[in-house]
$ cat run.pdb   # PDB, C-alpha atoms and all ligand atoms
ATOM      1  CA  MET A   1      83.128  23.197  26.779
ATOM      2  CA  THR A   2      79.915  23.675  24.791
ATOM      3  CA  GLU A   3      79.703  21.736  21.539
ATOM      4  CA  ARG A   4      80.049  23.814  18.377
ATOM      5  CA  PRO A   5      77.065  23.681  16.014
ATOM      6  CA  ARG A   6      77.505  21.714  12.801
ATOM      7  CA  VAL A   7      76.894  23.308   9.408
ATOM      8  CA  ALA A   8      76.665  21.106   6.300
ATOM      9  CA  VAL A   9      77.676  22.821   3.070
ATOM     10  CA  THR A  10      76.195  20.847   0.179
ATOM     11  CA  THR A  11      77.534  22.857  -2.748
ATOM     12  CA  THR A  12      80.903  24.167  -3.876
ATOM     13  CA  VAL A  13      81.604  27.540  -2.302
ATOM     14  CA  ALA A  14      84.683  29.759  -2.247
ATOM     15  CA  PRO A  15      87.218  28.923   0.526
ATOM     16  CA  VAL A  16      86.626  32.364   2.069
ATOM     17  CA  VAL A  17      83.002  31.354   2.749
ATOM     18  CA  LEU A  18      84.028  28.107   4.471
ATOM     19  CA  GLU A  19      86.570  30.048   6.538
ATOM     20  CA  ARG A  20      83.889  32.528   7.619
ATOM     21  CA  LEU A  21      81.564  29.706   8.684
ATOM     22  CA  ARG A  22      84.395  27.934  10.550
ATOM     23  CA  GLU A  23      84.737  30.959  12.810
ATOM     24  CA  HIS A  24      81.298  30.028  14.194
ATOM     25  CA  ALA A  25      80.716  26.330  13.602
ATOM     26  CA  ASP A  26      82.101  22.949  12.639
ATOM     27  CA  VAL A  27      81.717  22.810   8.893
ATOM     28  CA  VAL A  28      81.295  19.633   6.860
ATOM     29  CA  ASP A  29      81.901  20.200   3.180
ATOM     30  CA  LEU A  30      79.683  17.766   1.246
ATOM     31  CA  ALA A  31      80.099  19.438  -2.140
ATOM     32  CA  GLU A  32      82.155  16.636  -3.643
ATOM     33  CA  LEU A  33      79.966  13.851  -2.267
ATOM     34  CA  PRO A  34      76.871  12.462  -4.035
ATOM     35  CA  ARG A  35      73.599  13.153  -2.216
ATOM     36  CA  GLU A  36      73.393   9.459  -1.244
ATOM     37  CA  ALA A  37      76.565   9.828   0.847
ATOM     38  CA  TRP A  38      75.408  12.833   2.901
ATOM     39  CA  GLY A  39      73.672  10.776   5.595
ATOM     40  CA  GLY A  40      76.213  10.615   8.445
ATOM     41  CA  ALA A  41      77.277  14.230   8.068
ATOM     42  CA  LEU A  42      73.715  15.520   8.112
ATOM     43  CA  ALA A  43      72.789  13.596  11.257
ATOM     44  CA  GLY A  44      74.249  16.266  13.554
ATOM     45  CA  ALA A  45      73.746  19.321  11.339
ATOM     46  CA  VAL A  46      71.700  22.287  12.578
ATOM     47  CA  ALA A  47      72.236  24.249   9.362
ATOM     48  CA  MET A  48      72.584  23.462   5.673
ATOM     49  CA  LEU A  49      73.959  25.768   2.981
ATOM     50  CA  CYS A  50      72.411  24.590  -0.306
ATOM     51  CA  SER A  51      72.191  25.499  -3.976
ATOM     52  CA  SER A  52      69.233  25.235  -6.322
ATOM     53  CA  ASN A  53      70.424  22.287  -8.397
ATOM     54  CA  VAL A  54      70.064  19.419  -5.892
ATOM     55  CA  PRO A  55      66.646  18.451  -4.500
ATOM     56  CA  ILE A  56      66.388  19.216  -0.786
ATOM     57  CA  ASP A  57      63.457  16.874  -0.402
ATOM     58  CA  GLY A  58      61.876  14.900   2.408
ATOM     59  CA  GLU A  59      64.520  12.186   2.078
ATOM     60  CA  VAL A  60      67.469  14.584   2.554
ATOM     61  CA  LEU A  61      65.708  16.555   5.272
ATOM     62  CA  GLY A  62      64.914  13.272   7.022
ATOM     63  CA  LEU A  63      68.651  12.624   7.373
ATOM     64  CA  ALA A  64      68.994  15.820   9.422
ATOM     65  CA  PRO A  65      66.761  15.456  12.502
ATOM     66  CA  HIS A  66      68.396  18.441  14.245
ATOM     67  CA  LEU A  67      68.182  20.790  11.258
ATOM     68  CA  ARG A  68      66.932  24.309  12.080
ATOM     69  CA  ILE A  69      67.883  26.410   9.044
ATOM     70  CA  VAL A  70      68.300  25.898   5.282
ATOM     71  CA  ALA A  71      70.222  28.782   3.724
ATOM     72  CA  MET A  72      70.028  28.870  -0.073
ATOM     73  CA  GLN A  73      72.812  30.342  -2.140
ATOM     74  CA  SER A  74      70.209  31.074  -4.808
ATOM     75  CA  VAL A  75      67.133  33.208  -5.187
ATOM     76  CA  GLY A  76      65.013  30.229  -6.245
ATOM     77  CA  TYR A  77      64.056  27.579  -3.688
ATOM     78  CA  ASP A  78      61.692  25.463  -5.763
ATOM     79  CA  ASN A  79      63.986  22.461  -5.142
ATOM     80  CA  VAL A  80      63.216  22.553  -1.394
ATOM     81  CA  ASP A  81      60.295  20.663   0.150
ATOM     82  CA  LEU A  82      58.604  23.609   1.863
ATOM     83  CA  GLY A  83      55.958  21.348   3.425
ATOM     84  CA  VAL A  84      58.619  19.532   5.447
ATOM     85  CA  LEU A  85      60.233  22.832   6.451
ATOM     86  CA  ARG A  86      56.887  24.222   7.637
ATOM     87  CA  ALA A  87      55.986  21.035   9.500
ATOM     88  CA  ARG A  88      59.312  20.962  11.332
ATOM     89  CA  GLY A  89      59.640  24.722  11.870
ATOM     90  CA  ILE A  90      62.860  24.870   9.852
ATOM     91  CA  VAL A  91      63.834  28.392   8.792
ATOM     92  CA  LEU A  92      64.578  29.202   5.123
ATOM     93  CA  THR A  93      66.665  32.027   3.640
ATOM     94  CA  ASN A  94      67.627  32.809   0.041
ATOM     95  CA  SER A  95      70.247  35.025  -1.569
ATOM     96  CA  ARG A  96      68.073  37.679  -3.202
ATOM     97  CA  GLY A  97      69.835  40.899  -4.058
ATOM     98  CA  SER A  98      73.286  39.315  -4.447
ATOM     99  CA  LEU A  99      73.021  38.266  -8.095
ATOM    100  CA  VAL A 100      70.887  40.884  -9.854
ATOM    101  CA  ASP A 101      73.490  42.267 -12.239
ATOM    102  CA  ALA A 102      75.031  38.931 -13.243
ATOM    103  CA  VAL A 103      71.638  37.396 -14.057
ATOM    104  CA  ALA A 104      70.478  40.565 -15.821
ATOM    105  CA  ASP A 105      73.664  40.601 -17.932
ATOM    106  CA  LEU A 106      73.193  36.979 -18.964
ATOM    107  CA  THR A 107      69.480  37.468 -19.627
ATOM    108  CA  PHE A 108      70.104  40.485 -21.811
ATOM    109  CA  ALA A 109      72.870  38.577 -23.635
ATOM    110  CA  LEU A 110      70.259  35.895 -24.412
ATOM    111  CA  VAL A 111      67.870  38.594 -25.664
ATOM    112  CA  VAL A 112      70.582  39.824 -28.059
ATOM    113  CA  LEU A 113      71.370  36.237 -29.097
ATOM    114  CA  ALA A 114      67.710  35.547 -29.813
ATOM    115  CA  VAL A 115      66.712  38.811 -31.539
ATOM    116  CA  ARG A 116      69.883  38.902 -33.674
ATOM    117  CA  ARG A 117      69.578  35.139 -34.436
ATOM    118  CA  LEU A 118      73.191  34.657 -33.371
ATOM    119  CA  ALA A 119      73.011  30.880 -32.842
ATOM    120  CA  PHE A 120      71.987  30.631 -36.481
ATOM    121  CA  ALA A 121      74.697  33.106 -37.576
ATOM    122  CA  MET A 122      77.382  31.184 -35.669
ATOM    123  CA  ASP A 123      76.244  27.957 -37.298
ATOM    124  CA  TRP A 124      76.317  29.704 -40.682
ATOM    125  CA  ALA A 125      79.986  30.550 -40.165
ATOM    126  CA  ARG A 126      80.948  27.214 -38.608
ATOM    127  CA  SER A 127      79.222  25.072 -41.227
ATOM    128  CA  GLY A 128      80.970  26.750 -44.169
ATOM    129  CA  ARG A 129      77.857  28.389 -45.633
ATOM    130  CA  TRP A 130      79.591  31.736 -45.177
ATOM    131  CA  MET A 131      81.658  30.787 -48.243
ATOM    132  CA  GLU A 132      78.434  30.762 -50.278
ATOM    133  CA  GLY A 133      77.055  34.107 -49.102
ATOM    134  CA  ASP A 134      75.739  36.228 -46.253
ATOM    135  CA  ALA A 135      73.497  34.829 -43.526
ATOM    136  CA  PRO A 136      69.848  36.005 -43.715
ATOM    137  CA  PHE A 137      69.230  39.238 -41.816
ATOM    138  CA  ALA A 138      67.929  39.298 -38.224
ATOM    139  CA  HIS A 139      66.066  42.210 -36.612
ATOM    140  CA  ASP A 140      66.987  45.417 -34.765
ATOM    141  CA  LEU A 141      66.879  45.623 -30.995
ATOM    142  CA  ALA A 142      66.222  49.379 -31.189
ATOM    143  CA  GLY A 143      62.519  49.943 -31.624
ATOM    144  CA  ALA A 144      61.619  46.319 -30.790
ATOM    145  CA  THR A 145      59.388  45.491 -27.819
ATOM    146  CA  LEU A 146      60.755  43.383 -24.981
ATOM    147  CA  GLY A 147      58.119  41.588 -22.881
ATOM    148  CA  LEU A 148      59.315  40.686 -19.399
ATOM    149  CA  VAL A 149      57.147  38.145 -17.592
ATOM    150  CA  GLY A 150      58.168  38.841 -14.001
ATOM    151  CA  PHE A 151      59.439  42.299 -13.065
ATOM    152  CA  GLY A 152      61.343  42.042  -9.805
ATOM    153  CA  ALA A 153      64.850  43.403  -9.272
ATOM    154  CA  ILE A 154      66.310  41.240 -12.052
ATOM    155  CA  GLY A 155      63.520  42.117 -14.506
ATOM    156  CA  ARG A 156      64.020  45.820 -13.866
ATOM    157  CA  ALA A 157      67.798  45.445 -14.345
ATOM    158  CA  VAL A 158      67.162  43.693 -17.688
ATOM    159  CA  ALA A 159      64.781  46.530 -18.618
ATOM    160  CA  ARG A 160      67.508  49.117 -17.987
ATOM    161  CA  ARG A 161      69.902  47.253 -20.284
ATOM    162  CA  ALA A 162      67.223  46.910 -22.965
ATOM    163  CA  GLN A 163      66.263  50.590 -22.763
ATOM    164  CA  VAL A 164      69.901  51.581 -23.348
ATOM    165  CA  ALA A 165      69.688  49.488 -26.531
ATOM    166  CA  GLY A 166      66.555  51.392 -27.566
ATOM    167  CA  MET A 167      63.985  48.698 -26.816
ATOM    168  CA  ASN A 168      60.467  49.418 -25.560
ATOM    169  CA  VAL A 169      59.754  47.482 -22.371
ATOM    170  CA  VAL A 170      56.447  45.976 -21.333
ATOM    171  CA  TYR A 171      56.092  43.670 -18.358
ATOM    172  CA  HIS A 172      53.602  41.322 -16.791
ATOM    173  CA  THR A 173      53.144  40.862 -13.076
ATOM    174  CA  ARG A 174      49.970  39.673 -11.357
ATOM    175  CA  THR A 175      49.495  43.130  -9.843
ATOM    176  CA  PRO A 176      50.617  46.194 -11.833
ATOM    177  CA  ARG A 177      53.482  48.019 -10.121
ATOM    178  CA  ASP A 178      53.245  51.683  -9.168
ATOM    179  CA  ASP A 179      56.711  52.694 -10.424
ATOM    180  CA  ASP A 180      56.280  52.600 -14.211
ATOM    181  CA  ASP A 181      57.527  56.180 -14.485
ATOM    182  CA  ALA A 182      60.778  55.196 -12.781
ATOM    183  CA  SER A 183      61.273  51.852 -14.550
ATOM    184  CA  GLY A 184      60.067  52.975 -17.979
ATOM    185  CA  GLY A 185      58.154  49.692 -18.272
ATOM    186  CA  ASN A 186      54.440  49.406 -18.969
ATOM    187  CA  HIS A 187      52.215  46.767 -17.455
ATOM    188  CA  ARG A 188      50.323  44.364 -19.701
ATOM    189  CA  GLY A 189      48.086  41.359 -19.151
ATOM    190  CA  PHE A 190      49.887  38.101 -19.971
ATOM    191  CA  ASP A 191      48.071  37.546 -23.280
ATOM    192  CA  ALA A 192      48.518  41.163 -24.401
ATOM    193  CA  LEU A 193      52.244  41.011 -23.620
ATOM    194  CA  LEU A 194      52.631  37.815 -25.644
ATOM    195  CA  ALA A 195      50.849  39.353 -28.638
ATOM    196  CA  GLU A 196      52.790  42.634 -28.552
ATOM    197  CA  SER A 197      56.368  41.557 -27.797
ATOM    198  CA  ASP A 198      59.161  40.886 -30.267
ATOM    199  CA  CYS A 199      61.044  39.004 -27.551
ATOM    200  CA  VAL A 200      59.338  37.442 -24.533
ATOM    201  CA  VAL A 201      61.468  36.753 -21.458
ATOM    202  CA  ALA A 202      60.477  34.423 -18.599
ATOM    203  CA  LEU A 203      61.760  35.722 -15.261
ATOM    204  CA  VAL A 204      59.148  34.380 -12.847
ATOM    205  CA  PRO A 205      59.873  32.020  -9.936
ATOM    206  CA  LEU A 206      58.701  28.433 -10.378
ATOM    207  CA  THR A 207      55.498  27.955  -8.374
ATOM    208  CA  PRO A 208      52.398  25.797  -8.933
ATOM    209  CA  ARG A 209      50.875  28.831 -10.726
ATOM    210  CA  THR A 210      53.806  29.455 -13.101
ATOM    211  CA  ARG A 211      54.672  25.814 -13.864
ATOM    212  CA  GLY A 212      54.096  25.279 -17.591
ATOM    213  CA  MET A 213      52.711  28.817 -18.165
ATOM    214  CA  PHE A 214      54.546  28.943 -21.517
ATOM    215  CA  ASP A 215      52.474  26.254 -23.204
ATOM    216  CA  ASP A 216      51.016  25.691 -26.687
ATOM    217  CA  ALA A 217      48.401  28.402 -26.095
ATOM    218  CA  ALA A 218      51.007  30.938 -24.955
ATOM    219  CA  PHE A 219      53.288  30.331 -27.936
ATOM    220  CA  ALA A 220      50.274  30.526 -30.286
ATOM    221  CA  ARG A 221      49.630  34.086 -29.043
ATOM    222  CA  MET A 222      53.160  35.239 -29.913
ATOM    223  CA  LYS A 223      54.161  36.795 -33.245
ATOM    224  CA  PRO A 224      55.746  34.370 -35.733
ATOM    225  CA  THR A 225      58.771  36.706 -35.796
ATOM    226  CA  ALA A 226      59.082  36.773 -32.000
ATOM    227  CA  THR A 227      61.627  34.946 -29.878
ATOM    228  CA  PHE A 228      61.442  33.399 -26.402
ATOM    229  CA  VAL A 229      64.064  33.628 -23.642
ATOM    230  CA  ASN A 230      63.959  31.579 -20.450
ATOM    231  CA  ALA A 231      66.205  32.767 -17.619
ATOM    232  CA  ALA A 232      63.870  31.666 -14.813
ATOM    233  CA  ARG A 233      63.331  27.938 -14.287
ATOM    234  CA  GLY A 234      63.050  25.319 -17.017
ATOM    235  CA  ALA A 235      59.656  24.095 -15.845
ATOM    236  CA  VAL A 236      57.872  27.432 -16.366
ATOM    237  CA  CYS A 237      57.993  26.358 -20.007
ATOM    238  CA  ASP A 238      56.486  23.178 -21.446
ATOM    239  CA  THR A 239      59.492  21.881 -23.395
ATOM    240  CA  GLY A 240      57.311  19.904 -25.826
ATOM    241  CA  ALA A 241      55.235  23.006 -26.566
ATOM    242  CA  LEU A 242      58.379  25.062 -27.196
ATOM    243  CA  LEU A 243      59.727  22.441 -29.576
ATOM    244  CA  ARG A 244      56.393  22.329 -31.453
ATOM    245  CA  ALA A 245      56.286  26.130 -31.661
ATOM    246  CA  LEU A 246      59.777  26.185 -33.188
ATOM    247  CA  GLU A 247      59.126  23.264 -35.548
ATOM    248  CA  GLN A 248      55.859  24.765 -36.772
ATOM    249  CA  GLY A 249      57.205  28.318 -37.125
ATOM    250  CA  THR A 250      54.789  29.615 -34.484
ATOM    251  CA  ILE A 251      57.750  31.580 -33.081
ATOM    252  CA  ALA A 252      61.124  32.390 -34.631
ATOM    253  CA  GLY A 253      63.640  31.195 -32.042
ATOM    254  CA  ALA A 254      64.606  30.766 -28.411
ATOM    255  CA  ALA A 255      67.506  31.281 -26.031
ATOM    256  CA  LEU A 256      67.491  29.252 -22.832
ATOM    257  CA  ASP A 257      69.642  29.353 -19.701
ATOM    258  CA  VAL A 258      67.351  26.852 -17.979
ATOM    259  CA  THR A 259      65.610  23.779 -19.333
ATOM    260  CA  ASP A 260      63.201  21.051 -18.303
ATOM    261  CA  PRO A 261      64.631  18.527 -17.700
ATOM    262  CA  GLU A 262      67.812  20.129 -16.495
ATOM    263  CA  PRO A 263      70.373  19.295 -17.671
ATOM    264  CA  LEU A 264      68.866  18.629 -21.089
ATOM    265  CA  PRO A 265      70.211  15.185 -22.076
ATOM    266  CA  PRO A 266      72.676  14.821 -24.970
ATOM    267  CA  GLY A 267      70.874  14.309 -28.267
ATOM    268  CA  HIS A 268      67.801  16.325 -27.225
ATOM    269  CA  PRO A 269      66.212  17.850 -30.377
ATOM    270  CA  LEU A 270      66.567  21.405 -28.975
ATOM    271  CA  TYR A 271      70.379  21.095 -29.204
ATOM    272  CA  ALA A 272      70.218  20.361 -32.932
ATOM    273  CA  ARG A 273      68.252  23.509 -33.765
ATOM    274  CA  THR A 274      70.079  26.540 -35.130
ATOM    275  CA  ASP A 275      67.215  28.780 -33.988
ATOM    276  CA  VAL A 276      67.931  27.887 -30.340
ATOM    277  CA  ALA A 277      70.828  28.983 -28.099
ATOM    278  CA  ILE A 278      71.309  27.042 -24.851
ATOM    279  CA  THR A 279      73.559  27.913 -21.907
ATOM    280  CA  PRO A 280      73.888  25.552 -18.905
ATOM    281  CA  HIS A 281      72.151  27.621 -16.145
ATOM    282  CA  VAL A 282      74.994  30.104 -15.829
ATOM    283  CA  GLY A 283      72.966  33.235 -15.019
ATOM    284  CA  SER A 284      74.739  33.833 -11.716
ATOM    285  CA  ALA A 285      77.882  31.856 -12.515
ATOM    286  CA  THR A 286      80.629  34.419 -12.089
ATOM    287  CA  VAL A 287      83.343  34.199  -9.450
ATOM    288  CA  GLU A 288      82.295  37.451  -7.799
ATOM    289  CA  THR A 289      78.565  36.800  -7.794
ATOM    290  CA  ARG A 290      78.719  33.174  -6.647
ATOM    291  CA  THR A 291      81.051  34.186  -3.811
ATOM    292  CA  ARG A 292      78.630  36.965  -2.798
ATOM    293  CA  MET A 293      75.655  34.568  -2.943
ATOM    294  CA  ALA A 294      77.398  31.940  -0.810
ATOM    295  CA  MET A 295      78.634  34.566   1.645
ATOM    296  CA  LEU A 296      75.086  35.877   2.070
ATOM    297  CA  ALA A 297      73.892  32.328   2.779
ATOM    298  CA  ALA A 298      76.723  31.918   5.313
ATOM    299  CA  GLN A 299      75.837  35.237   6.954
ATOM    300  CA  ASN A 300      72.239  34.114   7.310
ATOM    301  CA  ILE A 301      73.438  30.941   9.052
ATOM    302  CA  ILE A 302      75.770  32.891  11.339
ATOM    303  CA  ALA A 303      72.988  35.350  12.205
ATOM    304  CA  PHE A 304      70.709  32.418  13.035
ATOM    305  CA  LEU A 305      73.355  30.755  15.238
ATOM    306  CA  ARG A 306      73.865  34.054  17.085
ATOM    307  CA  ASP A 307      70.140  34.608  17.463
ATOM    308  CA  GLU A 308      70.320  37.788  15.374
ATOM    309  CA  PRO A 309      67.838  38.924  12.684
ATOM    310  CA  LEU A 310      68.190  37.047   9.387
ATOM    311  CA  LEU A 311      69.305  39.084   6.376
ATOM    312  CA  THR A 312      67.058  37.556   3.706
ATOM    313  CA  PRO A 313      64.449  35.290   5.297
ATOM    314  CA  ILE A 314      61.649  33.609   3.363
ATOM    315  CA  VAL A 315      58.265  33.619   5.048
ATOM    316  CA  LEU A 316      56.955  30.066   4.832
TER
HETATM  317  C1  LIG A 401      68.952  31.378  -8.576
HETATM  318  O1  LIG A 401      69.528  32.098  -7.771
HETATM  319  O2  LIG A 401      67.847  30.913  -8.353
HETATM  320  C2  LIG A 401      69.683  31.091  -9.843
HETATM  321  O3  LIG A 401      68.893  30.440 -10.774
HETATM  322  C3  LIG A 401      70.912  30.273  -9.537
HETATM  323  O4  LIG A 401      70.509  29.016  -9.156
END

$ encode --input "run.pdb" --output "structure tokens"
Amino acid sequence: MTERPRVAVTTTVAPVVLERLREHADVVDLAELPREAWGGALAGAVAMLCSSNVPIDGEVLGLAPHLRIVAMQSVGYDNVDLGVLRARGIVLTNSRGSLVDAVADLTFALVVLAVRRLAFAMDWARSGRWMEGDAPFAHDLAGATLGLVGFGAIGRAVARRAQVAGMNVVYHTRTPRDDDDASGGNHRGFDALLAESDCVVALVPLTPRTRGMFDDAAFARMKPTATFVNAARGAVCDTGALLRALEQGTIAGAALDVTDPEPLPPGHPLYARTDVAITPHVGSATVETRTRMAMLAAQNIIAFLRDEPLLTPIVL
């Protein structure tokens, strides 16, 4: 009898995903174990199903000498040591396409939170100031300009939501797209977008080029009435620069689904600010979407084991 391949699942996935994998492989579920305890199970693994919140670095990859594929149940793979993957010829897949609507919904919710100053309004009610009078007014979404930095599938889905609310959409990508008529967005250089937008949204992947791109200089270019939303990766924004921009009134507020560091430790000054709303990286965190993401990762692994074309490969 030929030995079944071993797949290590390093994150919590729906039982239906584990069942699907078990039809093709021996599955070790490491989700409940700390990274330090993965060693033995990884030794025989040819495939790993991973999420974006645990580093898949040289140390972890070194525990898996037979590894041939890392399948991410996320779009982002900035937590994976790509150098090691390239050097060892390990294949990488992500879960693009399976989470567009959930992330776009959450991102647009953060835009509404930021533009309508809802963190401040909620604090106004909670703190009892409502008894003394109305909270100061926020601003309209309709007629305001939304600046999307990054305009892939998720950016375009956010644009559609914003356009229904009457917002004008501008976007920045390194190369202008050729479908502005279809998307209703208009390309801008990064600096022009910052200067023009009433709400600036980060939706770019974390790469050496985008790390820290929202820095003191970027915030200084924004309008003092503008707000900043980060639904990408915490490290595309310099947290110290954001805090300074808020403290000095360079910008009016922020809404963040991702932070640097992540998680943001208790007592961090951003938590205390009523001009900041923070959610704990829940962009794709719905039952349906997370199941779809994990199932796509599992299908990539199964395709690899069967020597079939991968569904969503990353070219390394
Ligand atoms: C992604 O897919 O990259 C989301 O941020 C979830 O991790």

$ resolve_selection --input "run.pdb" --expression "the PyMOL selection byres (((chain A and resi 135) around 9) and not hetatm)" --output "PDB file with C-alpha atoms, in the frame of the given file"
ATOM      1  CA  PHE A 120      71.987  30.631 -36.481  1.00  0.00           C
ATOM      2  CA  ALA A 121      74.697  33.106 -37.576  1.00  0.00           C
ATOM      3  CA  TRP A 124      76.317  29.704 -40.682  1.00  0.00           C
ATOM      4  CA  ALA A 125      79.986  30.550 -40.165  1.00  0.00           C
ATOM      5  CA  ARG A 129      77.857  28.389 -45.633  1.00  0.00           C
ATOM      6  CA  TRP A 130      79.591  31.736 -45.177  1.00  0.00           C
ATOM      7  CA  GLY A 133      77.055  34.107 -49.102  1.00  0.00           C
ATOM      8  CA  ASP A 134      75.739  36.228 -46.253  1.00  0.00           C
ATOM      9  CA  PRO A 136      69.848  36.005 -43.715  1.00  0.00           C
ATOM     10  CA  PHE A 137      69.230  39.238 -41.816  1.00  0.00           C
ATOM     11  CA  ALA A 138      67.929  39.298 -38.224  1.00  0.00           C
TER      12      ALA A 138
END

$ closest_residue --input "run.pdb" --among "A:Gly166, A:Gly253, A:Gly152, A:Gly184" --to "Cys199 (chain A)" --atoms "all atoms listed in the file"
A:Gly253

$ resolve_selection --input "run.pdb" --expression "the PyMOL selection byres (((not hetatm)) within 8 of (chain A and resi 401))" --output "CSV table (one decimal) with C-alpha atoms, in the frame of the given file"
chain,number,residue,atom,x,y,z
A,51,SER,CA,72.2,25.5,-4.0
A,52,SER,CA,69.2,25.2,-6.3
A,53,ASN,CA,70.4,22.3,-8.4
A,73,GLN,CA,72.8,30.3,-2.1
A,74,SER,CA,70.2,31.1,-4.8
A,75,VAL,CA,67.1,33.2,-5.2
A,76,GLY,CA,65.0,30.2,-6.2
A,77,TYR,CA,64.1,27.6,-3.7
A,95,SER,CA,70.2,35.0,-1.6
A,96,ARG,CA,68.1,37.7,-3.2
A,99,LEU,CA,73.0,38.3,-8.1
A,103,VAL,CA,71.6,37.4,-14.1
A,231,ALA,CA,66.2,32.8,-17.6
A,232,ALA,CA,63.9,31.7,-14.8
A,233,ARG,CA,63.3,27.9,-14.3
A,281,HIS,CA,72.2,27.6,-16.1
A,282,VAL,CA,75.0,30.1,-15.8
A,283,GLY,CA,73.0,33.2,-15.0
A,284,SER,CA,74.7,33.8,-11.7
A,285,ALA,CA,77.9,31.9,-12.5

$ resolve_selection --input "run.pdb" --expression "the PyMOL selection byres (((chain A and resi 40-46) around 8) and not hetatm)" --output "count of residues only"
17

$ residues_around --input "run.pdb" --residues "Ala165 (chain A)" --least-positions-apart "3" --cutoff "7 Å" --atoms "only C-alpha atoms" --output "number ranges by chain"
A: 141-142, 161-162

$ atom_distance --input "run.pdb" --atom1 "CA of Asp179 (chain A)" --atom2 "CA of Arg160 (chain A)"
13.7 Å

$ closest_residue --input "run.pdb" --among "A:Ala202, A:Ala71, A:Val287, A:Ala25" --to "Val111 (chain A)" --atoms "all atoms listed in the file"
A:Ala202

$ closest_residue --input "run.pdb" --among "A:Asp101, A:Asp26, A:Asn300, A:Met167" --to "Arg4 (chain A)" --atoms "all atoms listed in the file"
A:Asp26

$ atom_distance --input "run.pdb" --atom1 "CA of Gly189 (chain A)" --atom2 "CA of His172 (chain A)"
6.0 Å

$ residues_around --input "run.pdb" --residues "Arg20 (chain A)" --least-positions-apart "3" --cutoff "12 Å" --atoms "all atoms listed in the file" --output "MDAnalysis selection string"
chainID A and resid 7 13:17 23:27 291 294:302

$ residues_near_point --input "run.pdb" --point "(54.9, 44.3, -29.4)" --cutoff "10 Å" --atoms "all atoms listed in the file" --output "PyMOL selection string"
chain A and resi 143-147+168-170+192-200+222-223+226

$ write_last_selection --input "run.pdb" --atoms "C-alpha atoms" --output "PDB file, keeping the file's coordinate frame"
ATOM      1  CA  GLY A 143      62.519  49.943 -31.624  1.00  0.00           C
ATOM      2  CA  ALA A 144      61.619  46.319 -30.790  1.00  0.00           C
ATOM      3  CA  THR A 145      59.388  45.491 -27.819  1.00  0.00           C
ATOM      4  CA  LEU A 146      60.755  43.383 -24.981  1.00  0.00           C
ATOM      5  CA  GLY A 147      58.119  41.588 -22.881  1.00  0.00           C
ATOM      6  CA  ASN A 168      60.467  49.418 -25.560  1.00  0.00           C
ATOM      7  CA  VAL A 169      59.754  47.482 -22.371  1.00  0.00           C
ATOM      8  CA  VAL A 170      56.447  45.976 -21.333  1.00  0.00           C
ATOM      9  CA  ALA A 192      48.518  41.163 -24.401  1.00  0.00           C
ATOM     10  CA  LEU A 193      52.244  41.011 -23.620  1.00  0.00           C
ATOM     11  CA  LEU A 194      52.631  37.815 -25.644  1.00  0.00           C
ATOM     12  CA  ALA A 195      50.849  39.353 -28.638  1.00  0.00           C
ATOM     13  CA  GLU A 196      52.790  42.634 -28.552  1.00  0.00           C
ATOM     14  CA  SER A 197      56.368  41.557 -27.797  1.00  0.00           C
ATOM     15  CA  ASP A 198      59.161  40.886 -30.267  1.00  0.00           C
ATOM     16  CA  CYS A 199      61.044  39.004 -27.551  1.00  0.00           C
ATOM     17  CA  VAL A 200      59.338  37.442 -24.533  1.00  0.00           C
ATOM     18  CA  MET A 222      53.160  35.239 -29.913  1.00  0.00           C
ATOM     19  CA  LYS A 223      54.161  36.795 -33.245  1.00  0.00           C
ATOM     20  CA  ALA A 226      59.082  36.773 -32.000  1.00  0.00           C
TER      21      ALA A 226
END

$ atom_distance --input "run.pdb" --atom1 "CA of Leu264 (chain A)" --atom2 "CA of Asp238 (chain A)"
13.2 Å

$ closest_residue --input "run.pdb" --among "A:Gly267, A:Gly62, A:Gly150, A:Pro176" --to "Thr210 (chain A)" --atoms "only C-alpha atoms"
A:Gly150

$ residues_around --input "run.pdb" --residues "region 78-89 of chain A" --least-positions-apart "3" --cutoff "7 Å" --atoms "only C-alpha atoms" --output "MDAnalysis selection string"
chainID A and resid 52 54:58 206 316

$ residues_around --input "run.pdb" --residues "Leu246 (chain A)" --least-positions-apart "6" --cutoff "9 Å" --atoms "only C-alpha atoms" --output "list in words"
Ala252, Gly253, Ala254, Arg273, Asp275 and Val276 of chain A
